[in-house]
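K.L.:
Once you've had a glance at the structure underneath, I'll fire off some questions.
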Amino acid sequence: MNEIIIAILRSGTPLIYVTLAGVIAQRAGVWNLGLEGLMIIGACATIVGIILTNSILAAMLIAILICVLASVLLWFVIDRLKANPIIAGLGLTGLGVGGTALAVQSIFGSQASVTAPFGIPKLGPTFGAYGVLSIAVAAMPFVVFGMWVLLRRTRFGLRLAACGEHPFAARSVGANPSRMRLVALAIGGALCAIGGAELAAGSLQFFAQGMTAGRGFMAFAAVIFGASHPVGATFAALFFAVVGALGIRAQLMFGDKIPHDLLQALPYLATVFGVWLSGKLRGGAKAASSFAELRDQ
Amino acid sequence: SGGLVALVHTQAAGDNGPVDQMIAKLKQLSEEKGFEYRAVYAQDPATYETIYRTLGDAGAAIIISTFNEVAEPFKALAPSYPGTKWIQLFADPFEPAIPNVVTVSYDYYLGCYLSGVFAAKMTTTGKTGFIGGVSIPPLNADFNAFKAGVHSIKPDASVIAAFAGSFQDPAKGQEIATQMYNDGIDYIQTDAAATDGGIIAAANEKEGRMVSCLAPGQYALGPKSLISIVGLDFGVSLYNEATKAVGPEWKGGTHEHTGLGTGVIDFIPSPVFAEQGPAELNARAKEALVEVEKARAGILDGSIKVPFNTTL
Amino acid sequence: MKDSFITVARSLIFVAFALILCSLVFQFAGYNAGAMLWAVVDGAFLRSGAIEQSLRWALPLFVTAVGVGISFRAGFFNIGAQGQFYVGAICAAFAAEAFKGGPAFLVIPALIIAGMLGGALWALWPGLLRLRSGTDEVITTLMGNFMAGLLLVYVTSGPLKDPSGSGQQASSRPLDAAYRISDSLGLSPTIIAIAAAVGILMWLLVNRTAFGVLASLAGRNGTMVEWQGARLWKLGLSSFIISGALAGLAGTIEFMGPNGRIASGFLPAHGFTAILIALVANLSVVGTAAAAVFFGGLASAALYLPIMAGLPAAAIDIINAAIALFITARSKFVDKVLRLGGRPS
Amino acid sequence: MSNLPKPALECRDVTVKFGDVTALSDVAVSFVPGQIHAVVGQNGAGKTTFARVAAGLVQPTAGAVDVMGQEIRTGQVSQSRAAGVELVHQSFALPPSFTVAETMEFGATGKGGIYSRKGLAEKWRTHLAGLDVHVDLNRRIRDLPIETQQGIEIARALVMDARVLILDEPTAVLSPSGIDMLFARVRRLKERGVTVILILHKIREVLGIADTVTVLRGGRKVEGPLPIAEVSAERLANLIVGDAIAKTLDRHERDALVGSKSPAGEGAGHPENARGPSVLSMKAVSTRPDSEGIALDGIDLDIRPGEIVGIAGVEGNGQKTLVRAISALADLAGGSIVLAGRDVTGKPLAARRAIGLRIIPFERNVEGLSLTSSLWQNWSARELLQGSLLKVIRPSAVRETCDRSLREWSVHYHNSAQKAGSLSGGNAQKVILAREVDRDARLIIAAQPTRGLDIGATAFVWQALRQARDRGAAILLISSDLDELFDISDRVVVMLSGRVNGEFRAPFDIASVGAAMTDAAARVSA
Ligand SMILES: Nc1ncnc2c1ncn2[C@@H]1O[C@H](COP(=O)(O)OP(=O)(O)OP(=O)(O)O)[C@@H](O)[C@H]1O
Ligand SMILES: Nc1ncnc2c1ncn2[C@@H]1O[C@H](COP(=O)(O)OP(=O)(O)OP(=O)(O)O)[C@@H](O)[C@H]1O
Ligand SMILES: [Mg+2]
Ligand SMILES: [Mg+2]
């Protein structure tokens with residue numbers, strides 16, 4: 001049992017951090033498809049930072065700084081230059097994936113993946129079997145709770161949500177939707193940096209090109225699945241982690257009878273089923289309406 | 001001598017293994033022989049032809065590429081660029097042969113067979129595993145050979161395969177390996193390029209977990225767990241072939257078969273592990289290696305036939 | 001007319017801006033920026049055969065992007081073009097096995113139809129889920145992409161695997177030459193004709209039929225169309241099916257044309273590029289054609305760059321991404337300059 | 001001079017330009033504190049723009065704004081709010097997914113901190129109760145009736161110590177009793193010393209509540225603030241529309257609009273107009289309960305050609321469900337619907353529309369128009385749905401027909417490619433009329449057709465409905481404005497809790513109609 005929980009926390013935590021970044025952006029009215037790029041920037045910057053500074057703290061601060069800057073760039077393009085947020089987000093993702101590869105190459109002179117001498121500190125033996133988890137995993141529930149408080153239990157959160165849902169209402173009480181989006185994206189950038197750091201330096205100490213492997217997009221799916229609610233989306237991300245683990249289990253159990261490729265599709269199938277079911281229970285969330293509004297921005 | 005030598009690699013660099021080895025060797029060679037080189041990553045099979053054609057048009061002296069998927073584009077284009085020397089690593093022989101193409105095949109699966117033999121001797125739980133990047137035919141063949149190797153020693157041992165779905169997803173590799181180790185599997189053979197990094201990390205988490213990978217560059221990642229590799233020194237192979245090709249007596253239209261015992265493919269115990277690994281495992285490894293030696297000899301003298309089977 | 005001139009000019013200015021930004025970065029990273037910029041232009045449009053090469057990529061992208069535009073117009077964020085493209089190609093490949101040996105004039109259309117059906121099928125289930133149960137199509141189509149990618153691996157190393165040689169190729173058997181619709185260069189009268197037919201038909205559908213107007217209304221305000229007596233699910237599902245069929249058609253073109261077979265993991269970013277094109281074109285069919293040629297040129301240049309400018313693969317991704325980041329940008333200042341410049345004084 | 005109180009709000013030569021449009025030009029006006037001021041004018045006269053300038057939402061191109069004698073920085077909501085100016089919007093600016101408590105909190109300033117759901121509800125309950133808004137604080141805005149939403153919007157505007165409260169067309173969405181409640185509320189605010197500025201369309205309401213009135217026309221101040229005692233209804237009407245247009249109104253319309261006669265509607269009903277068999281015949285129609293409103297419970301309703309039947313009732317008593325049932329947009333639990341002699345029970349809306357059903361829906365901007373689509377697309381939707389989806393059309397031809405029709409209905413617009421959202425409310429409504437009121441119309445459902453329209457546009461809509469009736473169409477008019485109902489209906493049916501609770505013929509007796517409605521109100525709240 002412990003092992004299963006550990007596995008799920010491990011694969012779920014990076015996803016959850018990035019999902020929270022997506023949640024805060026979504027609430028502020030930005031469809032952030034740059035999550036994948038921000039996450040890989042966070043992963044790369046952390047590993048490279050550890051090597052260059054020999055300090056995990058400095059490395060993560062660097063990662064957070066770079067991701068926040070990248071988010072500000074996204075904000076500038078979307079908000080100031082009125083670019084289409086979806087295209088711009090995908091562009092940022094491309095920049096992240098390509099830029100980290102190029103950065104590694106120009107810093108280390110080869111395309112080789114990078115191994116760091118150490119990673120994020122582990123909880124340690126006092127926590128028994130859970131000691132192998134990094135402190136970022138342990139911090140995760142607090143961050144989720146913090147985000148929930150921030151978004152659902154403070155006036156700031158209300159104003160942020162108003163900026164996404166009804167910008168005019170937000171403006172008419174004196175909030176500045178543009179600035180709110182900046183804040184939301186910047187916070188999201190920091191969260192993506194932590195998510196990327198946990199992916200690369202949580203239980204691994206390793207950066208490989210493209211190692212986020214679509215997790216940013218899964219996080220985006222979790223945001224929608226979780227109806228942009230910090231806790232709901234967290235559970236959606238956990239759900240993805242669980243079905244991912246079950247997919248592996250299915251390969252180990254049935255791999256000799258059913259083709260592996262088809263078994264690997266099970267998590268995706270489970271996701272479709274889950275979204276369908278939650279839609280039924282919620283009475284059908286409408287994403288298209290928000291998309292129609294996006295088109296006219 | 002000058003000219004352009006291009007390596008078109010169809011797997012991403014950064015695997016601490018074959019691709020990185022090839023690029024390093026190509027660089028070395030270009031410094032030694034004074035030609036310009038390009039390492040082009042061709043991720044997408046739909047683009048292979050275009051890339052080769054562009055290289056041909058650019059007057060490349062030598063084009064080196066990898067894996068079977070490039071065979072068709074080679075066949076289509078090599079005749080149009082007779083001045084260019086084409087080398088396909090990891091290939092079936094062309095029929096009919098094309099005069100300016102050299103193909104090289106590797107019996108990598110035989111190394112996996114030896115790893116299977118070794119695994120069977122090393123496992124105490126009777127459970128072994130194999131983690132691949134994507135379930136494509138050559139990897140399937142490797143798994144089947146590994147399994148055959150295990151069963152040649154312990155017919156009732158279990159051999160489980162799983163695939164990460166990507167060659168660049170170490171986190172997924174770690175997740176799969178962790179589940180395998182938790183299931184009691186104590187020996188995993190990898191075949192997943194950069195994904196290996198995560199598998200090694202999983203092995204490092206507990207004493208007694210063994211993992212066998214594919215390149216010497218990985219030794220340092222698991223000094224106490226990475227017990228061996230099924231080495232395929234693409235770099236050396238590339239170096240040899242390219243050196244021949246820039247020389248005057250290059251002969252095209254040939255196929256080179258690289259098997260065990262050529263120095264390119266082999267099952268190699270990790271020297272780092274021999275130094276730092278648990279003494280108990282190292283002691284048993286000594287015995288196991290005797291069995292591996294026997295199997296190797298058997299393969300070389302033909303008394304052991306390892307089937308090449310590309311379906312799971 | 002003048003507005004569309006400004007739109008295009010604005011895009012080009014921001015594309016140039018993105019390229020300049022990239023070259024600065026590359027200069028920092030130790031590459032020759034001038035050579036890079038030149039190689040982009042040269043590779044996309046100037047070198048011999050560049051136009052053909054650009055079109056080779058542009059046409060399938062165009063076909064897919066037009067389909068993407070159809071579902072976006074109807075208000076559905078169907079991001080499943082990639083999966084529909086794969087399933088189309090897979091179905092065509094299965095059909096090719098089934099109809100082996102038949103006369104080309106029958107087999108070729110049959111394969112095309114099979115491909116379109118396959119693509120449509122892969123759009124049908126997310127469409128049904130969306131319209132019957134309100135299941136969010138963003139997630140279902142994204143999952144559909146992942147699943148179709150795995151399906152492609154499965155068929156190319158399983159049922160459709162090319163067994164020749166040692167059987168190690170993760171690709172299907174090559175299609176008989178008689179059924180190919182182009183050589184490996186990928187540009188043939190047939191493909192041009194298919195793309196043109198798609199362009200014309202879809203332009204007519206969007207701009208000259210009741211469906212076009214109503215689907216666009218429904219996409220912007222479904223409630224209003226419902227109060228007019230339209231059946232939303234009919235409009236919606238047709239849009240899903242059409243967009244899937246077109247993505248499937250593009251997959252079939254790749255299979256029967258330049259590729260001549262399907263291979264594990266081919267064209268992994270085709271669907272996303274198509275989405276980009278459709279959005280950049282603001283969903284207009286004509287605009288999609290122009291944007292497809294532009295992105296086709298980029299795709300062609302991307303293959304040329306590592307060879308001519310010695311740039312690593314990542315650099316090309318960066319160039320593409322920077323362009324995506326900026327291409328839809330607008331700025332009052334730039335517009336003002338453009339308007340001043342465009343005004344005959 | 002100095003012993004005069006400082007004006008609560010003063011605009012000094014305010015000019016606002018939106019691109020080429022001048023919304024306000026050189027408007028100079030000052031409002032005495034502690035009174036109720038009305039601002040009137042036609043659609044597009046600049047009333048909303050004026051209000052937004054005062055609230056800091058619009059940065060004027062020129063001019064200055066003083067609050068209590070202090071100049072404030074314009075174009076800054078926070079500045080205006082700090083000075084005590086609050087604005088209640090025409091179409092409320094409340095995020096629909098917010099709960100009542102959240103809505104109150106998000107607009108508040110000052111100490112925030114972390115709240116709990118319960119604490120938040122506690123915090124705002126007294127505030128709301130003090131303003132006579134009684135509502136579960138954990139309900140979501142989108143689930144609330146419009147009156148409550150308005151109450152909340154007002155309460156939200158008063159979370160701080162508001163000294164100037166501007167309400168933009170607050171009565172447009174209210175039923176008569178709602179209006180009474182609002183006015184009572186406004187008077188109480190006045191007693192508390194708040195200066196209230198009401199933007200209104202109905203002269204009757206202006207005369208009933210305001211202390212002064214200011215008239216805007218075409219972005220200029222025509223007159224005001226005039227003490228209400230000095231203006232007659234007649235004069236006000238002329239000021240609003242301008243003398244030229246005032247002359248074109250017939251006496252009947254003028255009287256109705258100005259509200260100068262008793263709203264008994266004698267002479268309005270013409271039951272003798274009705275002839276022939278029923279166009280609509282509903283027998284014992286009940287609907288399944290759904291999220292969109294109260295279910296119908298055994299409705300019997302017959303409408304004959306040439307007849308305008310008004311539906312009266314407090315909003316939320318099944319009027320919307322009635323419309324949805326006739327339009328096949330609600331599931332029937334029982335009963336039958338016959339349209340022009342054909343049983344259409346279970347038939348889709350398309351089939352009903354083919355027989356001649358036309359709908360002017362409740363929510364112009366949601367159900368009636370796609371605001372981000374072009375005018376011609378909006379206009380053509382009905383016709384396009386008559387044929388096959390693949391029918392080939394020629395947009396230029398459609399646009400020509402559309403242009404002709406829109407001109408016929410005197411819609412003011414640039415060209416038919418412009419977005420529907422860029423039209424004023426009156427013009428938007430005319431586009432819907434142009435689409436729905438055609439020669440083939442047999443039954444026209446007109447739901448709140450004049451909501452938010454100025455007096456000219458209102459007269460226009462009435463005219464259109466009367467003409468359609470005279471052509472032989474049957475008209476089902478749903479309105480929360482009893483005067484409107486009495487003025488143009490031939491028959492009035494009162495709805496209560498999804499049932500018919502009485503039927504009245506002209507001359508209507510407001511007391512008995514009102515009784516039938518309040519009866520409903522009593523039952524609803526019970
Ligand atoms: N944001 C805007 N952009 C362009 N023009 C605008 C804008 N807001 C208002 N206008 C124009 O300014 C003029 C005045 O509009 P305003 O909303 O103030 O009128 P109004 O008196 O409130 O009308 P109504 O009775 O319909 O509410 C109109 O002609 C309108 O078209
Ligand atoms: N973004 C905009 N661009 C151009 N004109 C605008 C814009 N926003 C509003 N307007 C104009 O402002 C005017 C007032 O807008 P508003 O939303 O108050 O509608 P309205 O005319 O009062 O209709 P209603 O009373 O039904 O709400 C309208 O006439 C409209 O033409
Ligand atoms: Mg207004
Ligand atoms: Mg209005």
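Chain labels follow the order of the structure tokens: the first chain is A, the next B, and so on; residue numbering restarts at 1 in every chain, and ligands are counted from 1 in their shown order.
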Report as a PyMOL selection string: the residues of stretch 3-147 of chain B with a DSSP assignment of alpha helix (DSSP H), based on the backbone of this structure.
P.N.:
chain B and resi 18-33+48-57+71-77+108-122+137-147
K.L.:
Please provide as a PyMOL selection string all residues within 7 Å of A:Gly196, with the sequence filter that same-chain residues fewer than 2 positions apart are discarded (counting only C-alpha atoms).
P.N.:
chain A and resi 14+39-40+42-43+192-194+198-200
K.L.:
Pick out the residues no farther than 7 Å from ligand 3, counting only C-alpha atoms and all ligand atoms, and list them as a list in words.
P.N.:
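What falls inside 7 Å of ligand 3 is Asn43, Gly44, Gly46, Lys47, Thr48, Gln90 and Asp168 of chain D.
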K.L.:
Starting from chain D, keep only residues with some atom at most 9 Å from an atom of chain A, counting only C-alpha atoms, and report them as a ChimeraX atom specification.
P.N.:
/D:55-57,76-79,81,86-87,92-98,102-103,105-109,112-117,157,372
K.L.:
As a ChimeraX atom specification, please: every protein or nucleic acid residue near ligand 1 (cut-off 10 Å, counting only C-alpha atoms and all ligand atoms).
P.N.:
/D:16-24,39-53,58,90-91,168-169,199-201,216-219,422-427,452-455
K.L.:
Neighbouring residues of stretch 26-43 of chain B were defined as those with any atom within 7 Å, considering only C-alpha atoms; residues of the same chain fewer than 3 positions away were excluded. Please report them as a PyMOL selection string.
P.N.:
(chain B and resi 1-12+22-23+47-48+239) or (chain C and resi 306-307+310+312-313)
K.L.:
Which residues are near D:Ser327? Cut-off 10 Å, only C-alpha atoms, ignore same chain within fewer than 6 positions. Put them as an MDAnalysis selection string.
P.N.:
(chainID C and resid 226:229) or (chainID D and resid 321 347:353 357:359 445)
K.L.:
Would you give me, as number ranges by chain, the residues of chain C that come within 6 Å of chain D, using only C-alpha atoms?
P.N.:
C: 208-211, 221, 223-224, 228-229
K.L.:
Separation of atom CA of B:Phe143 and atom CA of B:Met210, in Å?
P.N.:
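So the answer is 17.0 Å.
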